[in-house]
2 protein chains.
Amino acid sequence: MDNKSELPIVLRAAYLAMHRMSDAQFSPLGITADQFVLLATLSRGTALTQRELARRMPSDPSTVRAMLVLLEKQGLVKRDIHPSDSRARTVTLTAAGKRKFRQLWDAGESIRTKMLEAIQPDNAAELIGHLTRLAEALNGLSLYGSGLSQTDKV
Amino acid sequence: MDNKSELPIVLRAAYLAMHRMSDAQFSPLGITADQFVLLATLSRGTALTQRELARRMPSDPSTVRAMLVLLEKQGLVKRDIHPSDSRARTVTLTAAGKRKFRQLWDAGESIRTKMLEAIQPDNAAELIGHLTRLAEALNGLSLYGSGLSQTDKV
DNA sequence: GGTATTTCGTGCGTATACACACGACTTCCT
DNA sequence: AGGAAGTCGTGTGTATACGCACGAAATACC
């Protein structure tokens, strides 16, 4: 099988493996891998709208809503009405949410370390570059460069 | 954000982008991205059991079962009782399944090309190697302590 | 200003992903 | 042989992922 055919397969395999391991690692804390991504995204941006949160994850707005409902039940996030746009709702981490995220971050350290070691740390920057370009090409737009409110670090 | 923290994020972004794009591309043919993976796996192995099929995808046996039920309804796969093990069922592509897979393969060519171009073809082998090692490391990762649980399948 | 368009969140439907438990069957061990 | 242990497929439950359609509200346009 040539490279062109194999690339999608190994990309899928690597992601699913990471996802499974993350789910298992976070499970004792009552959080899924995807919920961790949401919390992490929230921890880096304040009072995001659901739409903007979905764009940054990246994920679908209706998926994000379902996740927020569950996280709200656990008291980890809070949804308020947007101050200037009554259609929108702003999402923020609660104190419990921030605390939980710190625990999750620590719990995930072993996975991040394992990943970095697997590819040899020297290759990380390059791999990240490739994956980023891959995502950009497939999305047809830049993940970090285009459009909307772009107020934080890149 | 350092490399260690960013790698999981871009891996996720790249996979989801590929998955979304594939779903959109295959949708006119009535097939999902994951169903394509299943059909592709079947096209490379004859009379696999559901378990073996799940292992190769890789995916969960119960997920594979649900997918097979749908694909069977479409007449693309066939499930027979295993000749020597009455617990198991062997799965094969029907003629319609093979035909559909060829169409899907062609329909997916543009995505594979786009992916290869995004990373520059010269880097493909290296990227594949990194992702493969990533998946292997994560699949063999023990949750408790420094593990020695090994995946020792063929 | 008033209307057309766009955007936001919601709700619904389908398909994955995986854990877990269960019954049926096979294999292993003695 | 016969019981114990492992394996296969099934069924159920929860959480994503995403498309689509809806009502409400903001924005654009004339």
# chains A, B, ... in the order shown; residues from 1 in each chain; ligands from 1
$ interface_residues --of "chain B" --to "chain D" --cutoff "10 Å" --atoms "only C-alpha atoms (C1' of nucleotides)" --output "list of chain:residue names"
B:Leu16, B:His19, B:Arg20, B:Asp23, B:Thr49, B:Gln50, B:Arg51, B:Pro61, B:Ser62, B:Arg65, B:Asp85, B:Ser86, B:Arg87, B:Ala88, B:Arg89
$ interface_residues --of "chain C" --to "chain A" --cutoff "9 Å" --atoms "only C-alpha atoms (C1' of nucleotides)" --output "list in words"
DT7, DC8, DG9, DT10, DA17 and DC18 of chain C
$ write_last_selection --atoms "N, CA and C atoms (P, O5', C5', C4', C3', O3' and C1' of nucleotides)" --output "PDB file, in the first residue's frame"
ATOM      1  P    DT C   7     -23.419  34.793   8.679  1.00  0.00           P
ATOM      2  O5'  DT C   7     -23.932  34.727  10.195  1.00  0.00           O
ATOM      3  C5'  DT C   7     -23.945  35.909  10.973  1.00  0.00           C
ATOM      4  C4'  DT C   7     -24.543  35.618  12.342  1.00  0.00           C
ATOM      5  C3'  DT C   7     -24.015  34.335  13.008  1.00  0.00           C
ATOM      6  O3'  DT C   7     -23.623  34.657  14.327  1.00  0.00           O
ATOM      7  C1'  DT C   7     -26.372  34.368  13.043  1.00  0.00           C
ATOM      8  P    DC C   8     -22.893  33.574  15.238  1.00  0.00           P
ATOM      9  O5'  DC C   8     -24.044  33.162  16.254  1.00  0.00           O
ATOM     10  C5'  DC C   8     -24.466  34.086  17.252  1.00  0.00           C
ATOM     11  C4'  DC C   8     -25.532  33.437  18.109  1.00  0.00           C
ATOM     12  C3'  DC C   8     -25.133  32.054  18.609  1.00  0.00           C
ATOM     13  O3'  DC C   8     -24.971  32.062  20.023  1.00  0.00           O
ATOM     14  C1'  DC C   8     -27.353  32.080  17.676  1.00  0.00           C
ATOM     15  P    DG C   9     -24.410  30.740  20.744  1.00  0.00           P
ATOM     16  O5'  DG C   9     -25.771  29.963  21.026  1.00  0.00           O
ATOM     17  C5'  DG C   9     -26.719  30.552  21.909  1.00  0.00           C
ATOM     18  C4'  DG C   9     -28.014  29.769  21.886  1.00  0.00           C
ATOM     19  C3'  DG C   9     -27.896  28.319  22.372  1.00  0.00           C
ATOM     20  O3'  DG C   9     -28.822  28.118  23.420  1.00  0.00           O
ATOM     21  C1'  DG C   9     -29.052  28.433  20.300  1.00  0.00           C
ATOM     22  P    DT C  10     -28.918  26.679  24.123  1.00  0.00           P
ATOM     23  O5'  DT C  10     -30.094  25.953  23.324  1.00  0.00           O
ATOM     24  C5'  DT C  10     -31.357  26.594  23.216  1.00  0.00           C
ATOM     25  C4'  DT C  10     -32.298  25.782  22.344  1.00  0.00           C
ATOM     26  C3'  DT C  10     -32.413  24.297  22.717  1.00  0.00           C
ATOM     27  O3'  DT C  10     -33.748  24.035  23.094  1.00  0.00           O
ATOM     28  C1'  DT C  10     -32.175  24.598  20.365  1.00  0.00           C
ATOM     29  P    DA C  17     -16.128   4.972  14.677  1.00  0.00           P
ATOM     30  O5'  DA C  17     -16.278   5.029  16.259  1.00  0.00           O
ATOM     31  C5'  DA C  17     -15.669   6.075  16.984  1.00  0.00           C
ATOM     32  C4'  DA C  17     -15.701   5.722  18.451  1.00  0.00           C
ATOM     33  C3'  DA C  17     -15.141   4.333  18.760  1.00  0.00           C
ATOM     34  O3'  DA C  17     -14.031   4.488  19.623  1.00  0.00           O
ATOM     35  C1'  DA C  17     -17.218   4.707  19.865  1.00  0.00           C
ATOM     36  P    DC C  18     -13.121   3.221  20.003  1.00  0.00           P
ATOM     37  O5'  DC C  18     -13.728   2.729  21.382  1.00  0.00           O
ATOM     38  C5'  DC C  18     -13.851   3.643  22.450  1.00  0.00           C
ATOM     39  C4'  DC C  18     -14.844   3.134  23.461  1.00  0.00           C
ATOM     40  C3'  DC C  18     -14.575   1.708  23.940  1.00  0.00           C
ATOM     41  O3'  DC C  18     -14.138   1.750  25.265  1.00  0.00           O
ATOM     42  C1'  DC C  18     -16.891   2.171  23.677  1.00  0.00           C
TER      43       DC C  18
END
$ closest_residue --among "B:Thr90, B:Gln103, B:Ser43, B:Ser59" --to "chain A" --atoms "only C-alpha atoms"
B:Ser59
$ closest_atom_pairs --of "chain B" --to "chain A" --cutoff "9 Å" --atoms "only C-alpha atoms" --output "CSV"
residue,atom,partner,partner_atom,distance
B:Met1,CA,A:Val154,CA,8.2
B:Asn3,CA,A:Ala124,CA,6.2
B:Lys4,CA,A:Arg112,CA,6.0
B:Ser5,CA,A:Arg112,CA,6.9
B:Glu6,CA,A:Ile128,CA,7.5
B:Leu7,CA,A:Ile128,CA,5.9
B:Pro8,CA,A:Arg112,CA,7.4
B:Ile9,CA,A:Val37,CA,8.2
B:Val10,CA,A:Thr132,CA,6.0
B:Leu11,CA,A:Leu131,CA,6.3
B:Arg12,CA,A:Tyr15,CA,6.3
B:Ala13,CA,A:Ala135,CA,6.2
B:Ala14,CA,A:Ala135,CA,4.3
B:Tyr15,CA,A:Arg12,CA,6.3
B:Leu16,CA,A:Ala135,CA,8.2
B:Ala17,CA,A:Ala135,CA,5.7
B:Met18,CA,A:Leu138,CA,6.2
B:His19,CA,A:Arg12,CA,8.6
B:Arg20,CA,A:Asn139,CA,8.7
B:Met21,CA,A:Leu138,CA,6.7
B:Val37,CA,A:Ile9,CA,8.2
B:Met57,CA,A:Ala13,CA,8.0
B:Pro58,CA,A:Ala13,CA,6.7
B:Ser59,CA,A:Leu16,CA,8.4
B:Glu109,CA,A:Ser5,CA,9.0
B:Ile111,CA,A:Leu138,CA,7.7
B:Arg112,CA,A:Lys4,CA,6.0
B:Thr113,CA,A:Lys4,CA,7.1
B:Lys114,CA,A:Ala137,CA,6.9
B:Met115,CA,A:Leu134,CA,5.8
B:Leu116,CA,A:Lys4,CA,6.3
B:Glu117,CA,A:Leu134,CA,8.7
B:Ala118,CA,A:Leu134,CA,5.5
B:Ile119,CA,A:His130,CA,5.5
B:Gln120,CA,A:His130,CA,8.9
B:Pro121,CA,A:Lys4,CA,8.4
B:Asn123,CA,A:His130,CA,8.5
B:Ala124,CA,A:Asn3,CA,6.2
B:Ala125,CA,A:Asn3,CA,6.3
B:Leu127,CA,A:Leu127,CA,6.8
B:Ile128,CA,A:Leu7,CA,5.9
B:Gly129,CA,A:Ile119,CA,8.6
B:His130,CA,A:Ile119,CA,5.5
B:Leu131,CA,A:Ala14,CA,5.8
B:Thr132,CA,A:Val10,CA,6.0
B:Arg133,CA,A:Ala118,CA,5.8
B:Leu134,CA,A:Ala118,CA,5.5
B:Ala135,CA,A:Ala14,CA,4.3
B:Glu136,CA,A:Ala14,CA,8.1
B:Ala137,CA,A:Ala118,CA,6.1
B:Leu138,CA,A:Ala17,CA,5.9
B:Asn139,CA,A:Ala17,CA,6.0
B:Leu141,CA,A:Met21,CA,7.8
B:Leu143,CA,A:Gln25,CA,6.9
$ calpha_fit_rmsd --fixed "chain A" --moving "chain B"
4.9 Å
$ select_by_dssp --residues "stretch 70-125 of chain A" --states "strand (DSSP E or B)" --output "list in words"
Val77, Lys78, Arg79, Asp80, Ile81, Arg89, Thr90, Val91, Thr92 and Leu93 of chain A
$ select_by_dssp --residues "stretch 27-124 of chain B" --states "alpha helix (DSSP H)" --output "ChimeraX atom specification"
/B:33-43,50-56,61-73,95-107,109-118,124
$ atom_distance --atom1 "atom CA of A:Arg44" --atom2 "atom CA of A:Ser27"
22.8 Å
$ atom_distance --atom1 "atom CA of A:Phe26" --atom2 "atom CA of A:Ala96"
16.0 Å
$ residues_around --residues "A:Leu39" --least-positions-apart "3" --cutoff "12 Å" --atoms "only C-alpha atoms (C1' of nucleotides)" --output "CSV table (one decimal) with N, CA and C atoms, in the first residue's frame"
chain,number,residue,atom,x,y,z
A,31,ILE,N,-15.0,12.3,33.7
A,31,ILE,CA,-15.0,13.2,32.6
A,31,ILE,C,-14.5,12.4,31.3
A,32,THR,N,-15.0,12.8,30.2
A,32,THR,CA,-14.6,12.1,28.9
A,32,THR,C,-13.5,12.9,28.3
A,33,ALA,N,-12.8,12.3,27.3
A,33,ALA,CA,-11.7,12.9,26.6
A,33,ALA,C,-12.2,14.2,25.9
A,34,ASP,N,-13.4,14.1,25.3
A,34,ASP,CA,-13.9,15.3,24.6
A,34,ASP,C,-14.3,16.4,25.6
A,35,GLN,N,-14.8,16.0,26.7
A,35,GLN,CA,-15.2,17.0,27.7
A,35,GLN,C,-13.9,17.7,28.2
A,36,PHE,N,-12.8,17.0,28.3
A,36,PHE,CA,-11.6,17.6,28.7
A,36,PHE,C,-11.1,18.6,27.6
A,42,LEU,N,-12.0,26.2,27.2
A,42,LEU,CA,-12.6,27.3,28.1
A,42,LEU,C,-11.6,27.9,29.0
A,43,SER,N,-10.6,27.1,29.4
A,43,SER,CA,-9.6,27.6,30.3
A,43,SER,C,-8.7,28.6,29.6
A,44,ARG,N,-8.7,28.6,28.3
A,44,ARG,CA,-7.8,29.6,27.6
A,44,ARG,C,-8.6,30.7,27.0
A,45,GLY,N,-9.9,30.8,27.2
A,45,GLY,CA,-10.6,32.0,26.6
A,45,GLY,C,-11.8,32.3,27.6
A,46,THR,N,-12.0,33.5,27.8
A,46,THR,CA,-13.0,33.9,28.8
A,46,THR,C,-14.3,34.3,28.2
A,48,LEU,N,-16.6,32.9,26.4
A,48,LEU,CA,-16.8,32.6,25.0
A,48,LEU,C,-18.3,32.3,24.7
A,53,LEU,N,-16.8,28.8,21.1
A,53,LEU,CA,-16.3,27.6,21.8
A,53,LEU,C,-16.2,26.4,20.8
A,54,ALA,N,-17.3,26.2,20.1
A,54,ALA,CA,-17.3,25.2,19.1
A,54,ALA,C,-16.3,25.4,18.0
A,56,ARG,N,-13.5,26.8,18.2
A,56,ARG,CA,-12.1,26.6,18.7
A,56,ARG,C,-11.7,25.2,19.0
A,57,MET,N,-12.7,24.4,19.2
A,57,MET,CA,-12.4,23.0,19.8
A,57,MET,C,-11.6,22.1,18.8
A,64,VAL,N,-21.5,20.6,21.0
A,64,VAL,CA,-21.1,21.4,22.2
A,64,VAL,C,-22.2,21.7,23.1
A,67,MET,N,-22.8,18.7,25.2
A,67,MET,CA,-21.8,18.6,26.2
A,67,MET,C,-21.9,19.6,27.4
A,68,LEU,N,-22.3,20.8,27.0
A,68,LEU,CA,-22.4,21.8,28.0
A,68,LEU,C,-23.6,21.5,29.0
A,71,LEU,N,-22.0,19.1,31.4
A,71,LEU,CA,-21.0,19.7,32.3
A,71,LEU,C,-21.7,20.7,33.3
A,72,GLU,N,-22.8,21.3,32.8
A,72,GLU,CA,-23.5,22.2,33.7
A,72,GLU,C,-24.1,21.4,34.9
A,76,LEU,N,-19.6,22.3,36.5
A,76,LEU,CA,-18.2,22.6,36.0
A,76,LEU,C,-18.2,23.8,35.1
A,77,VAL,N,-19.3,24.1,34.5
A,77,VAL,CA,-19.4,25.3,33.6
A,77,VAL,C,-20.7,26.1,34.0
A,78,LYS,N,-20.7,27.3,33.5
A,78,LYS,CA,-21.9,28.2,33.8
A,78,LYS,C,-22.2,28.9,32.5
A,91,VAL,N,-20.2,31.2,28.0
A,91,VAL,CA,-19.8,30.0,28.8
A,91,VAL,C,-18.5,30.3,29.6
A,92,THR,N,-18.5,30.0,30.8
A,92,THR,CA,-17.3,30.1,31.7
A,92,THR,C,-17.2,28.9,32.6
A,93,LEU,N,-15.9,28.7,33.0
A,93,LEU,CA,-15.7,27.7,34.0
A,93,LEU,C,-16.1,28.2,35.3
A,94,THR,N,-16.7,27.3,36.1
A,94,THR,CA,-16.9,27.6,37.5
A,94,THR,C,-15.6,27.3,38.3
A,96,ALA,N,-15.3,25.1,40.6
A,96,ALA,CA,-15.2,23.7,40.5
A,96,ALA,C,-14.6,23.2,39.2
A,97,GLY,N,-15.0,23.9,38.1
A,97,GLY,CA,-14.6,23.5,36.8
A,97,GLY,C,-13.1,23.7,36.7
A,98,LYS,N,-12.6,24.8,37.2
A,98,LYS,CA,-11.1,25.1,37.1
A,98,LYS,C,-10.4,24.1,37.9
A,99,ARG,N,-10.9,23.7,39.1
A,99,ARG,CA,-10.2,22.8,39.9
A,99,ARG,C,-10.2,21.4,39.2
A,100,LYS,N,-11.3,21.0,38.7
A,100,LYS,CA,-11.4,19.7,37.9
A,100,LYS,C,-10.4,19.7,36.8
A,101,PHE,N,-10.3,20.8,36.1
A,101,PHE,CA,-9.5,20.9,34.9
A,101,PHE,C,-8.0,20.7,35.3
A,102,ARG,N,-7.6,21.3,36.4
A,102,ARG,CA,-6.2,21.1,36.9
A,102,ARG,C,-6.0,19.6,37.2
A,103,GLN,N,-6.9,18.9,37.8
A,103,GLN,CA,-6.8,17.5,38.1
A,103,GLN,C,-6.6,16.7,36.8
A,104,LEU,N,-7.5,17.1,35.8
A,104,LEU,CA,-7.5,16.4,34.5
A,104,LEU,C,-6.1,16.6,33.8
A,105,TRP,N,-5.7,17.8,33.9
A,105,TRP,CA,-4.4,18.2,33.2
A,105,TRP,C,-3.3,17.3,33.8
$ atom_distance --atom1 "atom C1' of C:DC25" --atom2 "atom CA of B:Ala66"
21.9 Å
